[in-house]
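*Asks:* Below: one structure in structure tokens.
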Amino acid sequence: MRLTEILKQGQYEPMPVEKQIVQIYAGTQKDKTGVVWSPEPPRVHVQRYMKELIEFMDTRHPEVSSSCARRRT
């Protein structure tokens with residue numbers, strides 16, 4: 001997945017660093033066989049996929065973002 005597509009943000013809609021960390025992690029991590037564990041959606045769907053990933057993480061695993069935010073300060 002292209003990191004430039006992952007990190008695109010709307011004008012005047014800055015994304016918190018902790019959410020950017022989740023997106024970068026999802027786009028770069030590989031499993032033991034060397035396959036990226038995040039699917040490779042078509043380029044036009046990357047933003048929707050990342051939005052859904054953030055919503056999932058905020059809903060099911062809010063401790064991840066809060067942990068990143070705490071380490072930042």
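Order determines the names: the first chain of the structure tokens is A, the second B, and so forth; residues in each chain are numbered 1 upward, and ligands are numbered 1 upward as they are shown.
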For Glu5 (chain A), list every protein, DNA or RNA residue within 9 Å, evaluated using only C-alpha atoms, and leave out those in the same chain fewer than 5 positions away; present the list as JSON, numbers by chain.

*Replies:* {"A": [43, 46, 47]}

*Asks:* If you keep N, CA, C and O atoms, can you produce a file of those selected residues as a JSON list (two decimals), in the first residue's frame?

*Replies:*
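Final output, selection-v9.json:
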```
[["chain", "number", "residue", "atom", "x", "y", "z"],
["A", 43, "ARG", "N", -6.43, 1.87, -5.47],
["A", 43, "ARG", "CA", -6.02, 3.20, -5.02],
["A", 43, "ARG", "C", -7.21, 4.09, -4.66],
["A", 43, "ARG", "O", -7.16, 4.86, -3.71],
["A", 46, "VAL", "N", -8.38, 3.45, -0.97],
["A", 46, "VAL", "CA", -7.44, 3.51, 0.16],
["A", 46, "VAL", "C", -7.97, 4.41, 1.27],
["A", 46, "VAL", "O", -7.94, 4.04, 2.44],
["A", 47, "GLN", "N", -8.45, 5.59, 0.93],
["A", 47, "GLN", "CA", -8.94, 6.52, 1.95],
["A", 47, "GLN", "C", -10.12, 5.93, 2.73],
["A", 47, "GLN", "O", -10.18, 6.06, 3.95]]
```

*Asks:* Residues within 12 Å of Arg48 (chain A), please, as an MDAnalysis selection string. Count only C-alpha atoms; anything in the same chain fewer than 5 positions from it doesn't count.

*Replies:* chainID A and resid 5:6 8:9 41:43 53:55

*Asks:* Selected residues, all heavy atoms, written as a short mmCIF file (atom, residue, chain, number, x, y, z; two decimals), in the first residue's frame, please.

*Replies:*
```cif
data_model
loop_
_atom_site.label_atom_id
_atom_site.label_comp_id
_atom_site.auth_asym_id
_atom_site.auth_seq_id
_atom_site.Cartn_x
_atom_site.Cartn_y
_atom_site.Cartn_z
N GLU A 5 -0.66 7.60 -0.24
CA GLU A 5 -2.13 7.49 -0.27
C GLU A 5 -2.69 7.34 1.14
O GLU A 5 -3.72 7.89 1.48
CB GLU A 5 -2.57 6.30 -1.12
CG GLU A 5 -2.47 6.52 -2.60
CD GLU A 5 -3.35 7.66 -3.10
OE1 GLU A 5 -4.52 7.73 -2.68
OE2 GLU A 5 -2.87 8.47 -3.88
N ILE A 6 -1.99 6.57 1.95
CA ILE A 6 -2.45 6.32 3.32
C ILE A 6 -2.51 7.61 4.12
O ILE A 6 -3.45 7.85 4.87
CB ILE A 6 -1.51 5.31 4.03
CG1 ILE A 6 -1.70 3.92 3.44
CG2 ILE A 6 -1.75 5.29 5.53
CD1 ILE A 6 -0.72 2.91 3.96
N LYS A 8 -2.78 10.78 3.14
CA LYS A 8 -3.48 11.95 2.62
C LYS A 8 -4.55 12.39 3.61
O LYS A 8 -5.25 11.57 4.19
CB LYS A 8 -4.13 11.63 1.27
CG LYS A 8 -3.14 11.63 0.14
CD LYS A 8 -3.86 11.47 -1.18
CE LYS A 8 -2.86 11.49 -2.32
NZ LYS A 8 -3.52 11.24 -3.60
N GLN A 9 -4.64 13.70 3.79
CA GLN A 9 -5.62 14.27 4.70
C GLN A 9 -6.39 15.37 3.99
O GLN A 9 -5.87 16.00 3.09
CB GLN A 9 -4.91 14.88 5.92
CG GLN A 9 -4.11 13.90 6.72
CD GLN A 9 -3.38 14.57 7.86
OE1 GLN A 9 -3.78 15.62 8.34
NE2 GLN A 9 -2.30 13.96 8.31
N PRO A 41 -5.99 -2.52 -1.25
CA PRO A 41 -7.19 -2.08 -1.94
C PRO A 41 -6.83 -1.25 -3.17
O PRO A 41 -5.74 -0.69 -3.24
CB PRO A 41 -7.90 -1.21 -0.90
CG PRO A 41 -6.80 -0.70 -0.03
CD PRO A 41 -5.76 -1.79 -0.02
N PRO A 42 -7.73 -1.17 -4.14
CA PRO A 42 -7.48 -0.28 -5.27
C PRO A 42 -7.24 1.14 -4.76
O PRO A 42 -7.79 1.54 -3.72
CB PRO A 42 -8.76 -0.35 -6.09
CG PRO A 42 -9.41 -1.63 -5.68
CD PRO A 42 -9.00 -1.86 -4.26
N ARG A 43 -6.43 1.87 -5.47
CA ARG A 43 -6.02 3.20 -5.02
C ARG A 43 -7.21 4.09 -4.66
O ARG A 43 -7.16 4.86 -3.71
CB ARG A 43 -5.19 3.85 -6.12
CG ARG A 43 -4.57 5.14 -5.72
CD ARG A 43 -3.65 5.62 -6.80
NE ARG A 43 -3.05 6.88 -6.41
CZ ARG A 43 -2.26 7.57 -7.16
NH1 ARG A 43 -1.96 7.14 -8.37
NH2 ARG A 43 -1.75 8.69 -6.74
N LEU A 53 -10.54 1.57 9.06
CA LEU A 53 -9.56 1.01 10.00
C LEU A 53 -9.50 1.86 11.27
O LEU A 53 -9.54 1.32 12.38
CB LEU A 53 -8.17 0.95 9.35
CG LEU A 53 -7.03 0.56 10.29
CD1 LEU A 53 -7.18 -0.88 10.77
CD2 LEU A 53 -5.70 0.76 9.60
N ILE A 54 -9.44 3.17 11.11
CA ILE A 54 -9.39 4.06 12.27
C ILE A 54 -10.66 3.94 13.10
O ILE A 54 -10.61 3.89 14.34
CB ILE A 54 -9.14 5.52 11.83
CG1 ILE A 54 -7.74 5.68 11.24
CG2 ILE A 54 -9.36 6.50 12.98
CD1 ILE A 54 -6.61 5.35 12.20
N GLU A 55 -11.81 3.87 12.44
CA GLU A 55 -13.07 3.70 13.17
C GLU A 55 -13.07 2.38 13.95
O GLU A 55 -13.50 2.33 15.10
CB GLU A 55 -14.25 3.74 12.21
CG GLU A 55 -14.53 5.12 11.65
CD GLU A 55 -15.56 5.11 10.53
OE1 GLU A 55 -16.03 4.02 10.13
OE2 GLU A 55 -15.89 6.20 10.06
#
```

*Asks:* CA of Lys51 (chain A) to CA of Thr33 (chain A): how many Å, to one decimal?

*Replies:*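 Spanning CA of Lys51 (chain A) to CA of Thr33 (chain A) is a straight-line distance of 26.9 Å.
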
*Asks:* If we count only C-alpha atoms and set the cut-off at 12 Å, which residues sit around Asp58 (chain A), ignoring sequence neighbours fewer than 6 positions away in its own chain? Please answer as JSON, numbers by chain.

*Replies:* {"A": [18, 19, 22, 51, 52, 64, 65, 66]}

*Asks:* Name the closest residue to Met57 (chain A) among the candidates A:Val35, A:Leu3, A:Val17, A:Ala26; distances are taken between atoms, counting only C-alpha atoms.

*Replies:* A:Ala26

*Asks:* Between A:Tyr49, A:Phe56, A:Arg70, A:Lys30, single out the one closest to Leu7 (chain A), counting only C-alpha atoms.

*Replies:* A:Tyr49

*Asks:* Under the rule that only C-alpha atoms are counted, which of A:Arg2, A:Glu13, A:Gly27, A:Ile21 is the nearest residue to Ala69 (chain A)?

*Replies:*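 Among A:Arg2, A:Glu13, A:Gly27, A:Ile21, it is A:Ile21 that comes nearest to Ala69 (chain A).
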
*Asks:* What does the structure give for the distance between CA of Tyr12 (chain A) and CA of Tyr25 (chain A), in Å to one decimal?

*Replies:*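 We find that CA of Tyr12 (chain A) and CA of Tyr25 (chain A) lie 23.8 Å from each other.
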
*Asks:* Measure the distance from CA of Gln11 (chain A) to CA of Arg60 (chain A) in Å and round it to one decimal.

*Replies:*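 A separation of 27.7 Å between them.
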
*Asks:* Taking into account only C-alpha atoms, which residue in the set A:Pro16, A:Gln23, A:His61, A:Lys32 is nearest to Thr4 (chain A)?

*Replies:*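 When distances to Thr4 (chain A) are compared using only C-alpha atoms, the smallest one comes from A:Gln23.
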